[in-house]
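A quick write-up on the structure given underneath.
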There are 2 protein chains.
Amino acid sequence: MPRVSPAAVLAAGDQPPSTAEHILDVAGRLFFRLGFAAAGVDLIVRESGVAKMTLYRHFPSKDDLIAAWLERVDAQFWRHFEGWAGPEDRAARDRLLGVFAGLEKLVSSPKCLGCPFLLAASEFPEPATRAHDVARRHKQRVRQRLREMSADIGAADADALGDQLLLLMDGAFMAARLFGTADHPGRAVFSAASRLVSVAA
Amino acid sequence: MPRVSPAAVLAAGDQPPSTAEHILDVAGRLFFRLGFAAAGVDLIVRESGVAKMTLYRHFPSKDDLIAAWLERVDAQFWRHFEGWAGPEDRAARDRLLGVFAGLEKLVSSPKCLGCPFLLAASEFPEPATRAHDVARRHKQRVRQRLREMSADIGAADADALGDQLLLLMDGAFMAARLFGTADHPGRAVFSAASRLVSVAA
DNA sequence: CACGTACGATACAGATCTGTATCGCTTGCG
DNA sequence: CGCAAGCGATACAGATCTGTATCGTACGTG
């Protein structure tokens, strides 16, 4: 791993990121900042300080790289999600509202550039596309999870409430992308979710 | 206009679309279906049956073409919007709910491929970009309009309600793009808007 | 008729993009 | 030591993309 200084600088337990994960880090940042098409392989290679052949050894094509990044973001998303929900013995309603409190904090940060899966669905509209497929399956899982959590709080029409909450979530993500650092509508996502939950419960 | 048969086939009052608008029609369809970057100028030219130089005489660059299309879609959007709201003497609450009834019908159609401005914001993240700027200004006007309509119904916190409704709208647009023709969460947008309006009014 | 305008068709320039080929270096390990 | 694996660097192939140049033609208007 000649990119990083010797392992001595790493705290105990830290692992130097593998080459593949380092590439995913840099590529993901560029996908976010520039879009999937505009972030060329040459740029990713230059920014990550990695040889082009190294990238292609880990990811046979750019499509594979994009799909791999989305898969990794999916895992990260669910860690965030469960963190927002809190411990499993928490009240179901608090868990559901906790998700939207965490989400509002996330989209309120100027560092939030939106939801990678919505961006992928925007740029790869064909359902047959790898990236589109990963994105759709991700959102389907989120939808399913929100419906489950809506059922857990005893909502009258749990499926409807879950879908309504998904609309709020995705709207907040897109607001974060559109309205940069300024005060944007995403800051209304918690209050909206809270009201919908109260009405349905 | 050699593309179309003689004007005899046109009903009285119909205008054959000008070359520029014909190009915008075809380009817009391709932008929707393939994304802005994936819809190349050569393809637009081929699909529209127009010479490349003709396109570049009307639109000095592809960026100009994209911006011109977004500007035209903006005008079309507001015609839809006002149509959904209905006559001005209608009750303010019915006008606001009418917007979301119309929106739900739109996003429920399998022909709906999402919101061009959200797609533009996805693919052109840099705020300095022409397309991003058009998109942001559009959404800002929608936000402003929803806040005004929220004030018209005497909502407790009109600005908050307007923002909440914008989240629902954009979430519904993205759901339409992600979930193709199938039953998707966008069908929950009216019930969600209705509940938020009821709570706030 | 004559002429200007708008358009179609084709070829092309220059840049950029994905993906490959090749060579040399370092490093860990038996 | 000797070797294999992983990586950096460079050059390149082939396709594609935006934008331009050029020529021929149909058509409307004086």
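Residue numbers start at 1 in each chain; chains themselves are named A, B, ... in the order of the structure tokens; ligands are numbered from 1 in the order shown.
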
Q: Show me which bits of chain D are within 12 Å of chain B, counting only C-alpha atoms (C1' of nucleotides), as an MDAnalysis selection string.
A: chainID D and resid 16:22 25:28

(Q) Distance cut-off 6 Å, counting only C-alpha atoms - which residues of chain A neighbour chain B? Return them as a PyMOL selection string. (A) chain A and resi 35+119+121-123+136+163-164+167-168+170-172+178+185+188+192

Using the selection just defined, write its residues with C-alpha atoms as a short mmCIF file (atom, residue, chain, number, x, y, z; two decimals), in the first residue's frame.
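Result went into selection.cif, see below:
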```cif
data_model
loop_
_atom_site.label_atom_id
_atom_site.label_comp_id
_atom_site.auth_asym_id
_atom_site.auth_seq_id
_atom_site.Cartn_x
_atom_site.Cartn_y
_atom_site.Cartn_z
CA GLY A 35 -22.53 13.09 -11.61
CA LEU A 119 -29.18 10.28 -8.66
CA ALA A 121 -32.26 6.62 -11.18
CA SER A 122 -32.03 10.06 -12.74
CA GLU A 123 -28.98 9.35 -14.82
CA ARG A 136 -34.82 0.49 -7.37
CA ASP A 163 -45.38 5.39 1.31
CA GLN A 164 -46.14 8.90 2.47
CA LEU A 167 -42.14 10.59 -0.36
CA LEU A 168 -40.98 12.94 2.38
CA ASP A 170 -36.89 11.43 -1.10
CA GLY A 171 -38.21 14.96 -1.34
CA ALA A 172 -35.81 15.97 1.40
CA LEU A 178 -31.10 21.54 -5.32
CA PRO A 185 -37.30 22.69 2.44
CA ALA A 188 -39.42 20.46 7.15
CA ALA A 192 -44.07 16.62 8.25
#
```

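In terms of minimum interatomic distance to chain A, C:DC25 ranks closest within C:DC7, C:DC25, C:DC1, C:DC12, counting only C-alpha atoms (C1' of nucleotides).
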
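Proximity ranking of C:DA15, C:DA9, C:DC3, C:DA21 relative to chain A places C:DA21 first, based on only C-alpha atoms (C1' of nucleotides).
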
Q.
With DSSP run on the backbone, what are the helix (DSSP H, G or I) residues within region 17-186 of chain B? I'd like them as a count of residues only.
A. 126

Set out as a tab-separated table a contact list for chain C and chain A with a cut-off of 10 Å, giving each residue of chain C that qualifies its closest atom pair and distance in Å to one decimal, counting only C-alpha atoms (C1' of nucleotides), ordered by chain and rising residue number.
```
residue	atom	partner	partner_atom	distance
C:DT16	C1'	A:Gly40	CA	9.3
C:DC17	C1'	A:Gly40	CA	7.2
C:DT18	C1'	A:Val41	CA	7.7
C:DG19	C1'	A:Ser61	CA	7.9
C:DT20	C1'	A:Met53	CA	8.7
C:DT26	C1'	A:Pro2	CA	8.8
C:DT27	C1'	A:Met1	CA	9.5
```

Output for the residues just chosen: N, CA and C atoms (P, O5', C5', C4', C3', O3' and C1' of nucleotides) as an mmCIF file, in the first residue's frame:
```cif
data_model
loop_
_atom_site.group_PDB
_atom_site.id
_atom_site.type_symbol
_atom_site.label_atom_id
_atom_site.label_comp_id
_atom_site.auth_asym_id
_atom_site.auth_seq_id
_atom_site.Cartn_x
_atom_site.Cartn_y
_atom_site.Cartn_z
ATOM 1 P P DT C 16 -10.371 17.800 -23.675
ATOM 2 O "O5'" DT C 16 -11.274 16.499 -23.480
ATOM 3 C "C5'" DT C 16 -12.647 16.537 -23.831
ATOM 4 C "C4'" DT C 16 -13.260 15.164 -23.684
ATOM 5 C "C3'" DT C 16 -12.661 14.336 -22.533
ATOM 6 O "O3'" DT C 16 -13.726 13.737 -21.827
ATOM 7 C "C1'" DT C 16 -12.647 13.091 -24.516
ATOM 8 P P DC C 17 -13.472 13.139 -20.372
ATOM 9 O "O5'" DC C 17 -14.240 11.753 -20.431
ATOM 10 C "C5'" DC C 17 -15.279 11.565 -21.390
ATOM 11 C "C4'" DC C 17 -15.367 10.110 -21.784
ATOM 12 C "C3'" DC C 17 -14.740 9.197 -20.726
ATOM 13 O "O3'" DC C 17 -15.720 8.360 -20.124
ATOM 14 C "C1'" DC C 17 -13.998 8.641 -22.938
ATOM 15 P P DT C 18 -15.220 7.417 -18.901
ATOM 16 O "O5'" DT C 18 -15.063 5.998 -19.612
ATOM 17 C "C5'" DT C 18 -16.186 5.412 -20.255
ATOM 18 C "C4'" DT C 18 -15.761 4.202 -21.058
ATOM 19 C "C3'" DT C 18 -15.205 3.036 -20.224
ATOM 20 O "O3'" DT C 18 -15.773 1.830 -20.692
ATOM 21 C "C1'" DT C 18 -13.653 3.643 -21.914
ATOM 22 P P DG C 19 -15.675 0.513 -19.754
ATOM 23 O "O5'" DG C 19 -14.329 -0.166 -20.273
ATOM 24 C "C5'" DG C 19 -14.298 -0.624 -21.624
ATOM 25 C "C4'" DG C 19 -12.881 -0.898 -22.049
ATOM 26 C "C3'" DG C 19 -12.058 -1.840 -21.153
ATOM 27 O "O3'" DG C 19 -11.713 -2.987 -21.916
ATOM 28 C "C1'" DG C 19 -10.776 -0.006 -21.888
ATOM 29 P P DT C 20 -10.779 -4.116 -21.296
ATOM 30 O "O5'" DT C 20 -9.386 -3.843 -22.041
ATOM 31 C "C5'" DT C 20 -9.376 -3.743 -23.468
ATOM 32 C "C4'" DT C 20 -7.945 -3.601 -23.964
ATOM 33 C "C3'" DT C 20 -6.944 -4.602 -23.397
ATOM 34 O "O3'" DT C 20 -6.175 -5.132 -24.463
ATOM 35 C "C1'" DT C 20 -6.122 -2.420 -23.106
ATOM 36 P P DT C 26 12.278 0.432 -6.663
ATOM 37 O "O5'" DT C 26 11.287 -0.133 -5.549
ATOM 38 C "C5'" DT C 26 10.053 0.535 -5.317
ATOM 39 C "C4'" DT C 26 9.070 -0.437 -4.679
ATOM 40 C "C3'" DT C 26 9.575 -1.123 -3.397
ATOM 41 O "O3'" DT C 26 8.697 -0.778 -2.346
ATOM 42 C "C1'" DT C 26 8.515 -2.676 -4.849
ATOM 43 P P DT C 27 9.187 -1.011 -0.823
ATOM 44 O "O5'" DT C 27 8.283 -2.217 -0.353
ATOM 45 C "C5'" DT C 27 7.027 -2.444 -0.990
ATOM 46 C "C4'" DT C 27 6.519 -3.834 -0.650
ATOM 47 C "C3'" DT C 27 7.213 -4.483 0.566
ATOM 48 O "O3'" DT C 27 6.258 -5.194 1.327
ATOM 49 C "C1'" DT C 27 7.377 -5.909 -1.275
#
```

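From CA of Val50 (chain A) back to C1' of DG8 (chain D), the distance works out to 7.2 Å.
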
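Residues in contact range of Glu47 (chain B), defined as at most 12 Å between only C-alpha atoms (C1' of nucleotides), with sequence neighbours fewer than 5 positions away removed, read His22, Ile23, Leu24, Asp25, Val26, Ala27, Gly28, Arg29, Leu30, Ala39, Gly40, Val41, Asp42 and Lys52 of chain B.
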
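Restricting the calculation to only C-alpha atoms, the smallest distance between Gly154 (chain B) and any of B:Ala91, B:Lys111, B:Ala201, B:Pro17 is found for B:Ala201.
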
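Coordinates place CA of Val99 (chain B) at a distance of 16.0 Å from CA of Ala75 (chain B).
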
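Taking C1' of DG8 (chain C) and CA of Ser48 (chain B) as the two end points, the separation is 12.3 Å.
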